[in-house]
Structure formats: structure tokens, C-alpha cells
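Have a look at the structure below before the remarks.
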Amino acid sequence: NPQILLIKRGMQLVTCPGTWSLIGEHAFRDETPLNTVRRGVNEEVGQRALDHIDRYGSIRNMTEYPVYYERDYGPNNGGRIDRQITYLWLVEMNLGKSDVSEKERDLDFLLDLDDEVADHKWISLSEFEEWVNADKTASNKDFCHMTIASLISLGIDRLKTMREKST
């Protein structure tokens, strides 16, 4: 049963402090989407996790075309408006391989969380889907805003489709 890593954003962050999310990163100019993903994994959960992914796992694009979204944060965030083109990527750790050491089977051993991450948790796909759907109607949001929840829902749908095709 695959587990999904969620990270809780630090309270010191300007955008979406104290909310749960997947790993995400903004691309640098002329940076490929794959290199942006690799840098995001390295920055937020560390080189040990990235080395493990390179050795045993995979990084795959879940969106054939990028997803465009626009988000108005309103007066509480200085009138900020984000316009982003987003790709969704699947980063797999593959702990089930026979040559993965017992130490490396401990998912938390592989993580070296950066100072922007206040907490983390591993959650099943079904639990994640339930949580995201419940959060869409909750008054106190665990996820930053509806745009993020919608992108996460799209990712969950794509992951379920990918899993169905592989069985």
C-alpha cells in the first residue's frame, strides 16, 4: 500500500503558513521541469532521499500538459496574485526492492527536512483523498486554498489512473 508524504509548511512562511501540502517548487529561469522536481526534493527532504530515489525509485510526470492556475490571495497577503503553470510529478521511493537495506526501509530515515517544513506525515492514498475532499468544505482549511486542493485532487485522480493501468 503506497504511502504519500505530506509536509506541513512552517509558520514563518509568507504563503500558506501552517498548512499541509505536497512538495512543491518554483522553477528557475531556464530550469527544466525535471531539474525543478529534483531540486525541490533535495531542498525540502534532503539529498539522502534523492539518492535513494535515484537508486531505487523513479520520477515521472503525471501531466502531459502543464496545468494553469491563477490565485488571488487578497488584501491579507498584500494583494498578491499568483499565475502559475504547474506540472504534477510522481516521485516514487520503491522500498520493496530486495536490495534496499533495512535502515532505508524506514521512510523517516531517508528524510532531512529543511527549516521550511514544520512537520510531516506519511498517509495512504485513500486517507489522503478523504482528507482533501473533507477539507474542501471545512471552515478551517488544512490545505492552503481551493486551488491547491484542486491540484491535489487532480494528482490523486492521475495516480489512481496510473495504478489501474499498471495492474
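Scheme for the C-alpha cells: letters A, B, ... for chains in order shown; per-chain residue numbers from 1; ligand numbers from 1 in order shown.
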
Quick one: contact table of stretch 71-102 of chain A to stretch 107-118 of chain A, 12 Å max, nearest atom pair and distance in Å to one decimal per residue, counting only C-alpha atoms, chain and number order, as CSV?
residue,atom,partner,partner_atom,distance
A:Glu92,CA,A:Leu107,CA,11.8
A:Met93,CA,A:Leu107,CA,8.8
A:Asn94,CA,A:Leu107,CA,10.4
A:Leu95,CA,A:Leu107,CA,8.4
A:Gly96,CA,A:Leu107,CA,11.7
A:Val100,CA,A:Leu107,CA,11.5
A:Ser101,CA,A:Phe109,CA,11.3
A:Glu102,CA,A:Phe109,CA,10.4

Write a file of the just-selected residues containing N, CA and C atoms, as a compact mmCIF listing (two decimals), in the first residue's frame.
# COMPACT_ATOMS: atom_id res chain seq x y z
N GLU A 92 8.66 8.31 -6.73
CA GLU A 92 8.50 7.03 -6.05
C GLU A 92 9.80 6.61 -5.38
N MET A 93 9.69 6.14 -4.13
CA MET A 93 10.86 5.72 -3.36
C MET A 93 11.15 4.23 -3.54
N ASN A 94 10.11 3.40 -3.81
CA ASN A 94 10.26 1.96 -4.04
C ASN A 94 11.07 1.26 -2.95
N LEU A 95 10.46 1.14 -1.79
CA LEU A 95 11.12 0.48 -0.66
C LEU A 95 11.05 -1.04 -0.75
N GLY A 96 10.24 -1.57 -1.66
CA GLY A 96 10.06 -3.01 -1.75
C GLY A 96 11.14 -3.77 -2.48
N VAL A 100 17.16 -3.04 -0.96
CA VAL A 100 17.01 -1.88 -0.07
C VAL A 100 17.32 -2.34 1.34
N SER A 101 18.24 -1.65 2.00
CA SER A 101 18.64 -2.04 3.36
C SER A 101 17.49 -1.85 4.34
N GLU A 102 17.56 -2.56 5.46
CA GLU A 102 16.53 -2.44 6.50
C GLU A 102 16.45 -1.00 7.00

Using only C-alpha atoms, what table do you get, as JSON lines, when you list each residue of stretch 20-92 of chain A with an atom no more than 12 Å from stretch 119-139 of chain A, its nearest pair of atoms, and their distance in Å rounded to one decimal, rows by chain then rising number?
{"residue": "A:Trp20", "atom": "CA", "partner": "A:His120", "partner_atom": "CA", "distance": 8.4}
{"residue": "A:Ser21", "atom": "CA", "partner": "A:His120", "partner_atom": "CA", "distance": 9.3}
{"residue": "A:Leu22", "atom": "CA", "partner": "A:His120", "partner_atom": "CA", "distance": 9.8}
{"residue": "A:Ile23", "atom": "CA", "partner": "A:His120", "partner_atom": "CA", "distance": 10.6}
{"residue": "A:Glu44", "atom": "CA", "partner": "A:His120", "partner_atom": "CA", "distance": 10.8}
{"residue": "A:Val45", "atom": "CA", "partner": "A:His120", "partner_atom": "CA", "distance": 10.0}

Residues flagged alpha helix (DSSP H) by DSSP in stretch 29-88 of chain A, as a PyMOL selection string: chain A and resi 33-45+47-56

Store the residues picked out above, limited to N, CA and C atoms, as a short mmCIF file (atom, residue, chain, number, x, y, z; two decimals), in the first residue's frame.
data_model
loop_
_atom_site.label_atom_id
_atom_site.label_comp_id
_atom_site.auth_asym_id
_atom_site.auth_seq_id
_atom_site.Cartn_x
_atom_site.Cartn_y
_atom_site.Cartn_z
N PRO A 33 11.70 21.17 -16.07
CA PRO A 33 10.77 20.71 -15.04
C PRO A 33 11.34 19.57 -14.19
N LEU A 34 12.04 18.62 -14.82
CA LEU A 34 12.63 17.53 -14.06
C LEU A 34 13.66 18.03 -13.06
N ASN A 35 14.51 18.96 -13.47
CA ASN A 35 15.51 19.51 -12.55
C ASN A 35 14.85 20.30 -11.42
N THR A 36 13.71 20.94 -11.70
CA THR A 36 12.98 21.63 -10.64
C THR A 36 12.48 20.63 -9.61
N VAL A 37 11.95 19.51 -10.07
CA VAL A 37 11.47 18.47 -9.15
C VAL A 37 12.63 17.94 -8.30
N ARG A 38 13.73 17.64 -8.93
CA ARG A 38 14.90 17.11 -8.22
C ARG A 38 15.40 18.12 -7.17
N ARG A 39 15.46 19.39 -7.55
CA ARG A 39 15.90 20.41 -6.60
C ARG A 39 14.91 20.53 -5.44
N GLY A 40 13.61 20.47 -5.75
CA GLY A 40 12.59 20.56 -4.70
C GLY A 40 12.69 19.42 -3.70
N VAL A 41 12.88 18.20 -4.20
CA VAL A 41 13.06 17.05 -3.30
C VAL A 41 14.30 17.25 -2.44
N ASN A 42 15.40 17.63 -3.07
CA ASN A 42 16.65 17.83 -2.34
C ASN A 42 16.50 18.92 -1.28
N GLU A 43 15.89 20.06 -1.63
CA GLU A 43 15.76 21.16 -0.68
C GLU A 43 14.84 20.84 0.48
N GLU A 44 13.71 20.19 0.19
CA GLU A 44 12.70 20.02 1.24
C GLU A 44 12.87 18.75 2.05
N VAL A 45 13.37 17.67 1.45
CA VAL A 45 13.53 16.43 2.22
C VAL A 45 14.95 15.87 2.21
N GLN A 47 19.19 15.28 0.49
CA GLN A 47 19.96 14.55 -0.50
C GLN A 47 19.85 13.04 -0.32
N ARG A 48 19.77 12.57 0.93
CA ARG A 48 19.65 11.12 1.17
C ARG A 48 18.40 10.57 0.48
N ALA A 49 17.27 11.29 0.57
CA ALA A 49 16.04 10.85 -0.10
C ALA A 49 16.23 10.86 -1.61
N LEU A 50 16.85 11.92 -2.14
CA LEU A 50 17.07 12.00 -3.58
C LEU A 50 18.00 10.88 -4.07
N ASP A 51 19.05 10.59 -3.31
CA ASP A 51 19.95 9.48 -3.67
C ASP A 51 19.20 8.15 -3.70
N HIS A 52 18.31 7.95 -2.72
CA HIS A 52 17.51 6.72 -2.68
C HIS A 52 16.60 6.63 -3.91
N ILE A 53 15.97 7.73 -4.26
CA ILE A 53 15.09 7.76 -5.44
C ILE A 53 15.90 7.45 -6.70
N ASP A 54 17.09 8.03 -6.82
CA ASP A 54 17.93 7.77 -7.99
C ASP A 54 18.31 6.29 -8.08
N ARG A 55 18.54 5.67 -6.93
CA ARG A 55 18.99 4.27 -6.93
C ARG A 55 17.84 3.28 -7.09
N TYR A 56 16.72 3.52 -6.41
CA TYR A 56 15.64 2.53 -6.36
C TYR A 56 14.32 3.00 -6.95
#

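Using only C-alpha atoms, the nearest neighbour of A:Leu159 within the list A:Phe28, A:Trp89, A:Phe143, A:Tyr68 is A:Trp89.
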
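Closest approach to A:Arg158 among A:Thr63, A:Gly78, A:Arg71, A:Ala27: A:Thr63, based on only C-alpha atoms.
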
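In this structure, atom CA of A:Ala149 sits 25.1 Å away from atom CA of A:Gly46.
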
Between atom CA of A:Leu5 and atom CA of A:Tyr69 - distance in Å to one decimal: 23.3 Å

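The gap separating atom CA of A:Glu164 from atom CA of A:Leu151 is 20.0 Å, in Å to one decimal.
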
Backbone DSSP call of strand (DSSP E or B) for stretch 31-80 of chain A, listed as number ranges by chain: A: 58-61, 67-74, 80

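Residues in contact with A:Val14 at 12 Å, where only C-alpha atoms are counted and same-chain residues fewer than 5 positions away are skipped, are listed as Arg9, Thr19, Tyr73, Asn76, Asn77, Gly78, Arg80, Glu116 and Cys144 of chain A.
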